[in-house]
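Source file: my_file_13.cif; contents: mmCIF, N, CA and C atoms.
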```cif
data_model
loop_
_atom_site.label_atom_id
_atom_site.label_comp_id
_atom_site.auth_asym_id
_atom_site.auth_seq_id
_atom_site.Cartn_x
_atom_site.Cartn_y
_atom_site.Cartn_z
N MET A 1 -3.08 31.81 46.91
CA MET A 1 -2.62 30.86 45.92
C MET A 1 -1.73 31.59 44.92
N SER A 2 -0.57 31.06 44.66
CA SER A 2 0.34 31.72 43.74
C SER A 2 0.02 31.32 42.30
N ARG A 3 0.50 32.13 41.38
CA ARG A 3 0.25 31.91 39.96
C ARG A 3 1.12 30.77 39.45
N VAL A 4 0.52 29.92 38.61
CA VAL A 4 1.25 28.79 38.02
C VAL A 4 1.62 29.15 36.59
N LYS A 5 2.91 29.11 36.32
CA LYS A 5 3.39 29.37 34.95
C LYS A 5 3.71 28.03 34.29
N SER A 6 3.39 27.92 33.02
CA SER A 6 3.55 26.64 32.34
C SER A 6 4.69 26.65 31.34
N GLY A 7 5.67 27.51 31.55
CA GLY A 7 6.77 27.66 30.59
C GLY A 7 7.54 26.37 30.36
N LYS A 8 7.88 25.68 31.43
CA LYS A 8 8.67 24.45 31.28
C LYS A 8 7.89 23.38 30.53
N VAL A 9 6.64 23.22 30.89
CA VAL A 9 5.81 22.18 30.26
C VAL A 9 5.61 22.48 28.78
N THR A 10 5.29 23.75 28.47
CA THR A 10 5.07 24.14 27.09
C THR A 10 6.34 23.97 26.26
N HIS A 11 7.45 24.38 26.84
CA HIS A 11 8.73 24.26 26.12
C HIS A 11 9.05 22.79 25.84
N ALA A 12 8.79 21.93 26.81
CA ALA A 12 9.07 20.50 26.63
C ALA A 12 8.17 19.92 25.54
N ARG A 13 6.91 20.31 25.53
CA ARG A 13 5.98 19.82 24.52
C ARG A 13 6.39 20.29 23.13
N HIS A 14 6.77 21.57 23.03
CA HIS A 14 7.23 22.10 21.74
C HIS A 14 8.48 21.38 21.28
N ARG A 15 9.42 21.16 22.21
CA ARG A 15 10.67 20.51 21.86
C ARG A 15 10.42 19.08 21.35
N LYS A 16 9.44 18.40 21.97
CA LYS A 16 9.10 17.04 21.56
C LYS A 16 8.58 17.01 20.12
N VAL A 17 7.73 17.97 19.78
CA VAL A 17 7.16 18.03 18.43
C VAL A 17 8.25 18.40 17.42
N ILE A 18 9.07 19.38 17.76
CA ILE A 18 10.14 19.81 16.86
C ILE A 18 11.13 18.67 16.62
N LYS A 19 11.42 17.90 17.66
CA LYS A 19 12.32 16.77 17.51
C LYS A 19 11.72 15.72 16.57
N ALA A 20 10.41 15.48 16.71
CA ALA A 20 9.74 14.51 15.84
C ALA A 20 9.75 14.98 14.39
N ALA A 21 9.77 16.30 14.18
CA ALA A 21 9.73 16.86 12.83
C ALA A 21 11.11 17.12 12.26
N SER A 22 12.15 16.72 12.96
CA SER A 22 13.49 16.99 12.45
C SER A 22 13.69 16.22 11.15
N GLY A 23 14.29 16.89 10.18
CA GLY A 23 14.48 16.29 8.87
C GLY A 23 13.41 16.70 7.88
N TYR A 24 12.35 17.35 8.32
CA TYR A 24 11.32 17.82 7.41
C TYR A 24 11.82 19.08 6.70
N TYR A 25 11.18 19.43 5.61
CA TYR A 25 11.60 20.54 4.77
C TYR A 25 11.13 21.88 5.34
N ALA A 26 12.03 22.87 5.33
CA ALA A 26 11.74 24.27 5.64
C ALA A 26 11.09 24.45 7.01
N ALA A 27 10.00 25.23 7.07
CA ALA A 27 9.37 25.58 8.35
C ALA A 27 8.74 24.37 9.03
N ARG A 28 8.50 23.31 8.27
CA ARG A 28 7.89 22.11 8.87
C ARG A 28 8.78 21.52 9.95
N SER A 29 10.07 21.84 9.93
CA SER A 29 10.98 21.28 10.93
C SER A 29 11.34 22.28 12.02
N THR A 30 10.97 23.55 11.87
CA THR A 30 11.38 24.56 12.87
C THR A 30 10.21 25.30 13.50
N ASN A 31 9.17 25.55 12.73
CA ASN A 31 8.02 26.30 13.23
C ASN A 31 7.07 25.35 13.95
N PHE A 32 6.74 25.65 15.21
CA PHE A 32 5.95 24.71 16.02
C PHE A 32 4.59 24.41 15.41
N ARG A 33 3.89 25.44 14.98
CA ARG A 33 2.53 25.22 14.47
C ARG A 33 2.55 24.35 13.21
N THR A 34 3.45 24.68 12.31
CA THR A 34 3.56 23.90 11.07
C THR A 34 4.08 22.50 11.36
N ALA A 35 5.05 22.40 12.27
CA ALA A 35 5.61 21.10 12.63
C ALA A 35 4.55 20.20 13.25
N THR A 36 3.67 20.78 14.07
CA THR A 36 2.60 20.01 14.70
C THR A 36 1.70 19.39 13.63
N GLN A 37 1.34 20.20 12.63
CA GLN A 37 0.50 19.69 11.56
C GLN A 37 1.21 18.59 10.77
N ALA A 38 2.50 18.81 10.50
CA ALA A 38 3.27 17.83 9.72
C ALA A 38 3.40 16.52 10.48
N VAL A 39 3.68 16.59 11.79
CA VAL A 39 3.85 15.39 12.60
C VAL A 39 2.52 14.64 12.71
N ASP A 40 1.43 15.38 12.91
CA ASP A 40 0.11 14.74 13.00
C ASP A 40 -0.22 13.99 11.70
N LYS A 41 0.06 14.64 10.56
CA LYS A 41 -0.24 14.01 9.27
C LYS A 41 0.66 12.80 9.06
N ALA A 42 1.93 12.91 9.47
CA ALA A 42 2.85 11.78 9.33
C ALA A 42 2.38 10.60 10.16
N ASN A 43 1.85 10.86 11.35
CA ASN A 43 1.34 9.78 12.20
C ASN A 43 0.09 9.13 11.58
N GLN A 44 -0.74 9.95 10.91
CA GLN A 44 -1.90 9.39 10.22
C GLN A 44 -1.45 8.45 9.10
N TYR A 45 -0.45 8.89 8.32
CA TYR A 45 0.08 8.06 7.25
C TYR A 45 0.68 6.77 7.80
N ALA A 46 1.42 6.90 8.91
CA ALA A 46 2.08 5.73 9.49
C ALA A 46 1.06 4.70 9.94
N THR A 47 -0.02 5.16 10.57
CA THR A 47 -1.07 4.26 11.02
C THR A 47 -1.75 3.57 9.84
N ARG A 48 -2.08 4.36 8.83
CA ARG A 48 -2.73 3.81 7.63
C ARG A 48 -1.84 2.78 6.94
N ASP A 49 -0.56 3.11 6.82
CA ASP A 49 0.33 2.26 6.05
C ASP A 49 0.76 1.01 6.81
N ARG A 50 0.65 1.02 8.14
CA ARG A 50 0.89 -0.23 8.87
C ARG A 50 -0.17 -1.26 8.49
N LYS A 51 -1.41 -0.81 8.32
CA LYS A 51 -2.48 -1.71 7.89
C LYS A 51 -2.27 -2.14 6.44
N ALA A 52 -1.87 -1.18 5.59
CA ALA A 52 -1.68 -1.47 4.17
C ALA A 52 -0.54 -2.46 3.96
N ARG A 53 0.51 -2.36 4.79
CA ARG A 53 1.66 -3.27 4.65
C ARG A 53 1.22 -4.71 4.84
N LYS A 54 0.32 -4.96 5.79
CA LYS A 54 -0.18 -6.31 6.04
C LYS A 54 -0.92 -6.84 4.81
N ARG A 55 -1.74 -5.97 4.19
CA ARG A 55 -2.47 -6.38 2.99
C ARG A 55 -1.52 -6.68 1.84
N GLN A 56 -0.51 -5.83 1.68
CA GLN A 56 0.42 -5.99 0.56
C GLN A 56 1.24 -7.28 0.70
N PHE A 57 1.66 -7.59 1.92
CA PHE A 57 2.43 -8.81 2.10
C PHE A 57 1.56 -10.04 1.87
N ARG A 58 0.31 -10.00 2.32
CA ARG A 58 -0.57 -11.14 2.09
C ARG A 58 -0.77 -11.35 0.59
N ALA A 59 -0.96 -10.27 -0.16
CA ALA A 59 -1.12 -10.37 -1.61
C ALA A 59 0.14 -10.94 -2.26
N LEU A 60 1.32 -10.51 -1.79
CA LEU A 60 2.58 -11.02 -2.32
C LEU A 60 2.72 -12.52 -2.05
N TRP A 61 2.38 -12.95 -0.84
CA TRP A 61 2.46 -14.38 -0.51
C TRP A 61 1.55 -15.19 -1.40
N ILE A 62 0.33 -14.69 -1.61
CA ILE A 62 -0.64 -15.42 -2.44
C ILE A 62 -0.12 -15.54 -3.88
N GLN A 63 0.48 -14.46 -4.41
CA GLN A 63 1.03 -14.52 -5.77
C GLN A 63 2.15 -15.55 -5.87
N ARG A 64 3.02 -15.57 -4.87
CA ARG A 64 4.14 -16.52 -4.89
C ARG A 64 3.64 -17.97 -4.79
N ILE A 65 2.65 -18.18 -3.92
CA ILE A 65 2.09 -19.53 -3.77
C ILE A 65 1.42 -19.97 -5.06
N ASN A 66 0.67 -19.08 -5.67
CA ASN A 66 -0.03 -19.40 -6.91
C ASN A 66 0.96 -19.76 -8.02
N ALA A 67 2.04 -18.99 -8.12
CA ALA A 67 3.06 -19.26 -9.14
C ALA A 67 3.70 -20.63 -8.90
N ALA A 68 4.01 -20.94 -7.63
CA ALA A 68 4.66 -22.21 -7.32
C ALA A 68 3.71 -23.38 -7.57
N VAL A 69 2.43 -23.20 -7.26
CA VAL A 69 1.44 -24.28 -7.48
C VAL A 69 1.31 -24.57 -8.96
N ARG A 70 1.31 -23.53 -9.78
CA ARG A 70 1.18 -23.74 -11.23
C ARG A 70 2.42 -24.41 -11.82
N LEU A 71 3.59 -24.17 -11.20
CA LEU A 71 4.79 -24.89 -11.63
C LEU A 71 4.68 -26.37 -11.25
N PHE A 72 4.06 -26.64 -10.12
CA PHE A 72 3.88 -28.01 -9.66
C PHE A 72 2.90 -28.76 -10.55
N ASP A 73 1.76 -28.12 -10.87
CA ASP A 73 0.73 -28.74 -11.69
C ASP A 73 -0.05 -27.64 -12.40
N LEU A 74 -0.09 -27.68 -13.72
CA LEU A 74 -0.73 -26.61 -14.49
C LEU A 74 -2.23 -26.51 -14.23
N GLU A 75 -2.86 -27.62 -13.84
CA GLU A 75 -4.30 -27.63 -13.59
C GLU A 75 -4.65 -27.05 -12.23
N MET A 76 -3.68 -27.00 -11.33
CA MET A 76 -3.96 -26.60 -9.95
C MET A 76 -3.80 -25.09 -9.79
N THR A 77 -4.67 -24.49 -9.00
CA THR A 77 -4.59 -23.05 -8.72
C THR A 77 -4.40 -22.84 -7.23
N TYR A 78 -4.18 -21.59 -6.87
CA TYR A 78 -4.03 -21.23 -5.45
C TYR A 78 -5.27 -21.64 -4.67
N SER A 79 -6.43 -21.33 -5.24
CA SER A 79 -7.70 -21.62 -4.58
C SER A 79 -7.86 -23.12 -4.31
N ARG A 80 -7.53 -23.94 -5.30
CA ARG A 80 -7.64 -25.39 -5.14
C ARG A 80 -6.63 -25.90 -4.12
N LEU A 81 -5.44 -25.30 -4.11
CA LEU A 81 -4.42 -25.70 -3.14
C LEU A 81 -4.92 -25.46 -1.72
N ILE A 82 -5.45 -24.28 -1.46
CA ILE A 82 -5.93 -23.93 -0.12
C ILE A 82 -7.09 -24.86 0.27
N ASP A 83 -7.97 -25.15 -0.68
CA ASP A 83 -9.07 -26.08 -0.42
C ASP A 83 -8.53 -27.46 -0.07
N GLY A 84 -7.54 -27.92 -0.84
CA GLY A 84 -6.94 -29.22 -0.58
C GLY A 84 -6.23 -29.28 0.76
N LEU A 85 -5.54 -28.22 1.11
CA LEU A 85 -4.87 -28.17 2.42
C LEU A 85 -5.88 -28.26 3.55
N THR A 86 -6.99 -27.56 3.39
CA THR A 86 -8.04 -27.59 4.41
C THR A 86 -8.61 -29.00 4.56
N LYS A 87 -8.90 -29.62 3.42
CA LYS A 87 -9.47 -30.98 3.45
C LYS A 87 -8.48 -32.01 3.98
N ALA A 88 -7.19 -31.78 3.73
CA ALA A 88 -6.16 -32.70 4.21
C ALA A 88 -5.83 -32.46 5.68
N GLY A 89 -6.34 -31.36 6.23
CA GLY A 89 -6.07 -31.06 7.63
C GLY A 89 -4.69 -30.49 7.87
N ILE A 90 -4.09 -29.93 6.83
CA ILE A 90 -2.75 -29.32 6.96
C ILE A 90 -2.94 -27.85 7.28
N VAL A 91 -2.38 -27.44 8.42
CA VAL A 91 -2.51 -26.05 8.84
C VAL A 91 -1.15 -25.36 8.68
N VAL A 92 -1.00 -24.65 7.56
CA VAL A 92 0.21 -23.88 7.29
C VAL A 92 -0.24 -22.51 6.80
N ASP A 93 0.30 -21.45 7.39
CA ASP A 93 -0.14 -20.12 6.96
C ASP A 93 0.54 -19.72 5.65
N ARG A 94 0.01 -18.67 5.03
CA ARG A 94 0.46 -18.26 3.71
C ARG A 94 1.91 -17.78 3.71
N LYS A 95 2.32 -17.16 4.81
CA LYS A 95 3.69 -16.67 4.91
C LYS A 95 4.68 -17.83 4.82
N VAL A 96 4.41 -18.89 5.55
CA VAL A 96 5.29 -20.06 5.55
C VAL A 96 5.23 -20.77 4.19
N LEU A 97 4.04 -20.90 3.63
CA LEU A 97 3.91 -21.54 2.32
C LEU A 97 4.71 -20.79 1.26
N ALA A 98 4.60 -19.46 1.26
CA ALA A 98 5.33 -18.66 0.28
C ALA A 98 6.84 -18.81 0.47
N ASP A 99 7.28 -18.86 1.73
CA ASP A 99 8.71 -19.03 2.01
C ASP A 99 9.19 -20.41 1.52
N LEU A 100 8.38 -21.43 1.76
CA LEU A 100 8.73 -22.77 1.26
C LEU A 100 8.78 -22.78 -0.26
N ALA A 101 7.83 -22.12 -0.89
CA ALA A 101 7.76 -22.10 -2.35
C ALA A 101 9.02 -21.47 -2.95
N VAL A 102 9.56 -20.45 -2.28
CA VAL A 102 10.73 -19.75 -2.81
C VAL A 102 12.02 -20.47 -2.46
N HIS A 103 12.16 -20.87 -1.20
CA HIS A 103 13.45 -21.38 -0.72
C HIS A 103 13.56 -22.91 -0.71
N GLU A 104 12.45 -23.61 -0.57
CA GLU A 104 12.49 -25.08 -0.53
C GLU A 104 11.37 -25.65 -1.40
N PRO A 105 11.57 -25.62 -2.72
CA PRO A 105 10.51 -26.07 -3.64
C PRO A 105 10.12 -27.54 -3.45
N GLU A 106 11.08 -28.38 -3.04
CA GLU A 106 10.75 -29.80 -2.86
C GLU A 106 9.74 -29.98 -1.74
N ALA A 107 9.95 -29.28 -0.64
CA ALA A 107 9.03 -29.37 0.50
C ALA A 107 7.66 -28.83 0.11
N PHE A 108 7.66 -27.71 -0.64
CA PHE A 108 6.38 -27.14 -1.09
C PHE A 108 5.66 -28.12 -2.00
N ASN A 109 6.40 -28.76 -2.91
CA ASN A 109 5.76 -29.73 -3.82
C ASN A 109 5.18 -30.91 -3.07
N ALA A 110 5.85 -31.33 -1.98
CA ALA A 110 5.32 -32.43 -1.17
C ALA A 110 3.99 -32.02 -0.52
N ILE A 111 3.93 -30.81 -0.02
CA ILE A 111 2.69 -30.30 0.58
C ILE A 111 1.60 -30.20 -0.48
N ALA A 112 1.97 -29.68 -1.67
CA ALA A 112 1.00 -29.53 -2.75
C ALA A 112 0.48 -30.90 -3.19
N ALA A 113 1.35 -31.90 -3.20
CA ALA A 113 0.92 -33.26 -3.58
C ALA A 113 -0.10 -33.80 -2.58
N GLN A 114 0.12 -33.54 -1.31
CA GLN A 114 -0.85 -33.98 -0.29
C GLN A 114 -2.19 -33.26 -0.48
N ALA A 115 -2.12 -31.99 -0.79
CA ALA A 115 -3.35 -31.22 -1.01
C ALA A 115 -4.10 -31.74 -2.24
N LYS A 116 -3.35 -32.07 -3.28
CA LYS A 116 -3.97 -32.59 -4.51
C LYS A 116 -4.63 -33.94 -4.25
N ALA A 117 -3.96 -34.77 -3.44
CA ALA A 117 -4.52 -36.08 -3.10
C ALA A 117 -5.80 -35.95 -2.28
N ALA A 118 -5.86 -34.93 -1.43
CA ALA A 118 -7.06 -34.71 -0.62
C ALA A 118 -8.24 -34.26 -1.46
N LEU A 119 -7.96 -33.61 -2.59
CA LEU A 119 -9.04 -33.15 -3.46
C LEU A 119 -9.64 -34.29 -4.27
N ALA A 120 -8.83 -35.29 -4.59
CA ALA A 120 -9.30 -36.37 -5.45
C ALA A 120 -10.22 -37.34 -4.74
#
```
If you convert what's in this file into structure tokens, what do you get?
Amino acid sequence: MSRVKSGKVTHARHRKVIKAASGYYAARSTNFRTATQAVDKANQYATRDRKARKRQFRALWIQRINAAVRLFDLEMTYSRLIDGLTKAGIVVDRKVLADLAVHEPEAFNAIAAQAKAALA
């Protein structure tokens, strides 16, 4: 059995990591060991922040909906709007509601009026 050398495979793996670390500061972009650590940490941050982005957008949508509902009726809150939508059987997600509140206030007010009627 002849000896197996792994030069090509190792070089390709190193090149892949160095390419992923391109643009990093100092040795983090050229030194394999340091670049490996930097790329691993960057991937951890990326995974964490993909989850955080979803939370942040949901919070933003809720704030926009709440602001629009209070412009529609000072007594009404986001919580009451969602309750009214549920009771009225209107299924609209928060992303669409927030978009309507910003770009089409008349349509949003019509939906809010239906929700208010369902609460009464």
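Among the candidate residues A:Ala35, A:Val69, A:Ala115, A:Leu85, the one lying nearest to Ala20 of chain A is A:Ala35, with distances computed using only N, CA and C atoms.
Proximity of A:Leu97, A:Leu119, A:Ala107, A:Ile82 to Arg64 of chain A, computed with only C-alpha atoms, is greatest for A:Leu97.
Taking atom CA of Arg15 of chain A and atom CA of Asp40 of chain A as endpoints, the distance between them is 14.9 Å.
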The PyMOL selection byres ((chain A and resi 84) around 6) applied to the shown file, residues as a CSV table (one decimal) with N, CA and C atoms, in the frame of the given file:
```csv
chain,number,residue,atom,x,y,z
A,79,SER,N,-6.4,-21.3,-5.2
A,79,SER,CA,-7.7,-21.6,-4.6
A,79,SER,C,-7.9,-23.1,-4.3
A,80,ARG,N,-7.5,-23.9,-5.3
A,80,ARG,CA,-7.6,-25.4,-5.1
A,80,ARG,C,-6.6,-25.9,-4.1
A,81,LEU,N,-5.4,-25.3,-4.1
A,81,LEU,CA,-4.4,-25.7,-3.1
A,81,LEU,C,-4.9,-25.5,-1.7
A,82,ILE,N,-5.4,-24.3,-1.5
A,82,ILE,CA,-5.9,-23.9,-0.1
A,82,ILE,C,-7.1,-24.9,0.3
A,83,ASP,N,-8.0,-25.2,-0.7
A,83,ASP,CA,-9.1,-26.1,-0.4
A,83,ASP,C,-8.5,-27.5,-0.1
A,85,LEU,N,-5.5,-28.2,1.1
A,85,LEU,CA,-4.9,-28.2,2.4
A,85,LEU,C,-5.9,-28.3,3.6
A,86,THR,N,-7.0,-27.6,3.4
A,86,THR,CA,-8.0,-27.6,4.4
A,86,THR,C,-8.6,-29.0,4.6
A,87,LYS,N,-8.9,-29.6,3.4
A,87,LYS,CA,-9.5,-31.0,3.4
A,87,LYS,C,-8.5,-32.0,4.0
A,88,ALA,N,-7.2,-31.8,3.7
A,88,ALA,CA,-6.2,-32.7,4.2
A,88,ALA,C,-5.8,-32.5,5.7
A,89,GLY,N,-6.3,-31.4,6.2
A,89,GLY,CA,-6.1,-31.1,7.6
A,89,GLY,C,-4.7,-30.5,7.9
A,114,GLN,N,0.1,-33.5,-1.3
A,114,GLN,CA,-0.8,-34.0,-0.3
A,114,GLN,C,-2.2,-33.3,-0.5
A,115,ALA,N,-2.1,-32.0,-0.8
A,115,ALA,CA,-3.4,-31.2,-1.0
A,115,ALA,C,-4.1,-31.7,-2.2
A,116,LYS,N,-3.4,-32.1,-3.3
A,116,LYS,CA,-4.0,-32.6,-4.5
A,116,LYS,C,-4.6,-33.9,-4.2
A,118,ALA,N,-5.9,-34.9,-1.4
A,118,ALA,CA,-7.1,-34.7,-0.6
A,118,ALA,C,-8.2,-34.3,-1.5
A,119,LEU,N,-8.0,-33.6,-2.6
A,119,LEU,CA,-9.0,-33.2,-3.5
A,119,LEU,C,-9.6,-34.3,-4.3
```
Excluding Arg28 of chain A and residues on its chain fewer than 5 positions from it, collect all residues at most 8 Å away from it, counting all atoms listed in the file, and give them as a ChimeraX atom specification.
-> /A:18,20-23,33-39
Just N, CA and C atoms for this one: save the residues we selected as a PDB file, in the frame of the given file.
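File written: selection-v5.pdb
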```
ATOM      1  N   ILE A  18       9.070  19.380  17.760  1.00  0.00           N
ATOM      2  CA  ILE A  18      10.140  19.810  16.860  1.00  0.00           C
ATOM      3  C   ILE A  18      11.130  18.670  16.620  1.00  0.00           C
ATOM      4  N   ALA A  20      10.410  15.480  16.710  1.00  0.00           N
ATOM      5  CA  ALA A  20       9.740  14.510  15.840  1.00  0.00           C
ATOM      6  C   ALA A  20       9.750  14.980  14.390  1.00  0.00           C
ATOM      7  N   ALA A  21       9.770  16.300  14.180  1.00  0.00           N
ATOM      8  CA  ALA A  21       9.730  16.860  12.830  1.00  0.00           C
ATOM      9  C   ALA A  21      11.110  17.120  12.260  1.00  0.00           C
ATOM     10  N   SER A  22      12.150  16.720  12.960  1.00  0.00           N
ATOM     11  CA  SER A  22      13.490  16.990  12.450  1.00  0.00           C
ATOM     12  C   SER A  22      13.690  16.220  11.150  1.00  0.00           C
ATOM     13  N   GLY A  23      14.290  16.890  10.180  1.00  0.00           N
ATOM     14  CA  GLY A  23      14.480  16.290   8.870  1.00  0.00           C
ATOM     15  C   GLY A  23      13.410  16.700   7.880  1.00  0.00           C
ATOM     16  N   ARG A  33       3.890  25.440  14.980  1.00  0.00           N
ATOM     17  CA  ARG A  33       2.530  25.220  14.470  1.00  0.00           C
ATOM     18  C   ARG A  33       2.550  24.350  13.210  1.00  0.00           C
ATOM     19  N   THR A  34       3.450  24.680  12.310  1.00  0.00           N
ATOM     20  CA  THR A  34       3.560  23.900  11.070  1.00  0.00           C
ATOM     21  C   THR A  34       4.080  22.500  11.360  1.00  0.00           C
ATOM     22  N   ALA A  35       5.050  22.400  12.270  1.00  0.00           N
ATOM     23  CA  ALA A  35       5.610  21.100  12.630  1.00  0.00           C
ATOM     24  C   ALA A  35       4.550  20.200  13.250  1.00  0.00           C
ATOM     25  N   THR A  36       3.670  20.780  14.070  1.00  0.00           N
ATOM     26  CA  THR A  36       2.600  20.010  14.700  1.00  0.00           C
ATOM     27  C   THR A  36       1.700  19.390  13.630  1.00  0.00           C
ATOM     28  N   GLN A  37       1.340  20.200  12.630  1.00  0.00           N
ATOM     29  CA  GLN A  37       0.500  19.690  11.560  1.00  0.00           C
ATOM     30  C   GLN A  37       1.210  18.590  10.770  1.00  0.00           C
ATOM     31  N   ALA A  38       2.500  18.810  10.500  1.00  0.00           N
ATOM     32  CA  ALA A  38       3.270  17.830   9.720  1.00  0.00           C
ATOM     33  C   ALA A  38       3.400  16.520  10.480  1.00  0.00           C
ATOM     34  N   VAL A  39       3.680  16.590  11.790  1.00  0.00           N
ATOM     35  CA  VAL A  39       3.850  15.390  12.600  1.00  0.00           C
ATOM     36  C   VAL A  39       2.520  14.640  12.710  1.00  0.00           C
TER      37      VAL A  39
END
```
Take atom CA of Ser29 of chain A and atom CA of Gly7 of chain A and report the distance between them in Å, one decimal.
-> 21.1 Å
Reconstruct all heavy atoms of segment 57-64 of chain A; output as a tab-separated table (two decimals), in the coordinates of the input.
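What ended up in selection_26.tsv:
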```
chain	number	residue	atom	x	y	z
A	57	PHE	N	1.66	-7.59	1.92
A	57	PHE	CA	2.43	-8.81	2.10
A	57	PHE	C	1.56	-10.04	1.87
A	57	PHE	O	2.02	-11.02	1.27
A	57	PHE	CB	3.07	-8.87	3.49
A	57	PHE	CG	4.46	-8.29	3.51
A	57	PHE	CD1	4.70	-7.05	4.06
A	57	PHE	CD2	5.52	-8.98	2.95
A	57	PHE	CE1	5.97	-6.52	4.06
A	57	PHE	CE2	6.79	-8.47	2.95
A	57	PHE	CZ	7.03	-7.22	3.51
A	58	ARG	N	0.31	-10.00	2.32
A	58	ARG	CA	-0.57	-11.14	2.09
A	58	ARG	C	-0.77	-11.35	0.59
A	58	ARG	O	-0.72	-12.48	0.10
A	58	ARG	CB	-1.92	-10.91	2.78
A	58	ARG	CG	-2.88	-12.08	2.61
A	58	ARG	CD	-4.23	-11.78	3.26
A	58	ARG	NE	-5.24	-12.70	2.84
A	58	ARG	CZ	-5.61	-13.77	3.54
A	58	ARG	NH1	-5.04	-14.04	4.69
A	58	ARG	NH2	-6.57	-14.56	3.09
A	59	ALA	N	-0.96	-10.27	-0.16
A	59	ALA	CA	-1.12	-10.37	-1.61
A	59	ALA	C	0.14	-10.94	-2.26
A	59	ALA	O	0.07	-11.77	-3.17
A	59	ALA	CB	-1.43	-9.00	-2.20
A	60	LEU	N	1.32	-10.51	-1.79
A	60	LEU	CA	2.58	-11.02	-2.32
A	60	LEU	C	2.72	-12.52	-2.05
A	60	LEU	O	3.11	-13.28	-2.95
A	60	LEU	CB	3.75	-10.28	-1.69
A	60	LEU	CG	5.15	-10.78	-2.04
A	60	LEU	CD1	5.45	-10.55	-3.52
A	60	LEU	CD2	6.19	-10.10	-1.17
A	61	TRP	N	2.38	-12.95	-0.84
A	61	TRP	CA	2.46	-14.38	-0.51
A	61	TRP	C	1.55	-15.19	-1.40
A	61	TRP	O	1.92	-16.25	-1.89
A	61	TRP	CB	2.12	-14.60	0.97
A	61	TRP	CG	3.06	-13.95	1.93
A	61	TRP	CD1	4.38	-13.68	1.72
A	61	TRP	CD2	2.75	-13.46	3.22
A	61	TRP	NE1	4.91	-13.05	2.82
A	61	TRP	CE2	3.93	-12.90	3.77
A	61	TRP	CE3	1.60	-13.43	4.00
A	61	TRP	CZ2	3.98	-12.34	5.03
A	61	TRP	CZ3	1.65	-12.86	5.26
A	61	TRP	CH2	2.83	-12.33	5.77
A	62	ILE	N	0.33	-14.69	-1.61
A	62	ILE	CA	-0.64	-15.42	-2.44
A	62	ILE	C	-0.12	-15.54	-3.88
A	62	ILE	O	-0.23	-16.60	-4.50
A	62	ILE	CB	-2.02	-14.73	-2.38
A	62	ILE	CG1	-2.64	-14.95	-1.00
A	62	ILE	CG2	-2.93	-15.23	-3.49
A	62	ILE	CD1	-3.91	-14.18	-0.74
A	63	GLN	N	0.48	-14.46	-4.41
A	63	GLN	CA	1.03	-14.52	-5.77
A	63	GLN	C	2.15	-15.55	-5.87
A	63	GLN	O	2.23	-16.31	-6.83
A	63	GLN	CB	1.56	-13.14	-6.17
A	63	GLN	CG	0.48	-12.12	-6.41
A	63	GLN	CD	1.02	-10.71	-6.53
A	63	GLN	OE1	2.22	-10.51	-6.60
A	63	GLN	NE2	0.13	-9.73	-6.53
A	64	ARG	N	3.02	-15.57	-4.87
A	64	ARG	CA	4.14	-16.52	-4.89
A	64	ARG	C	3.64	-17.97	-4.79
A	64	ARG	O	4.14	-18.86	-5.48
A	64	ARG	CB	5.10	-16.23	-3.74
A	64	ARG	CG	5.95	-14.99	-3.98
A	64	ARG	CD	6.88	-14.73	-2.84
A	64	ARG	NE	7.76	-13.61	-3.14
A	64	ARG	CZ	8.59	-13.08	-2.27
A	64	ARG	NH1	8.67	-13.54	-1.03
A	64	ARG	NH2	9.37	-12.07	-2.61
```
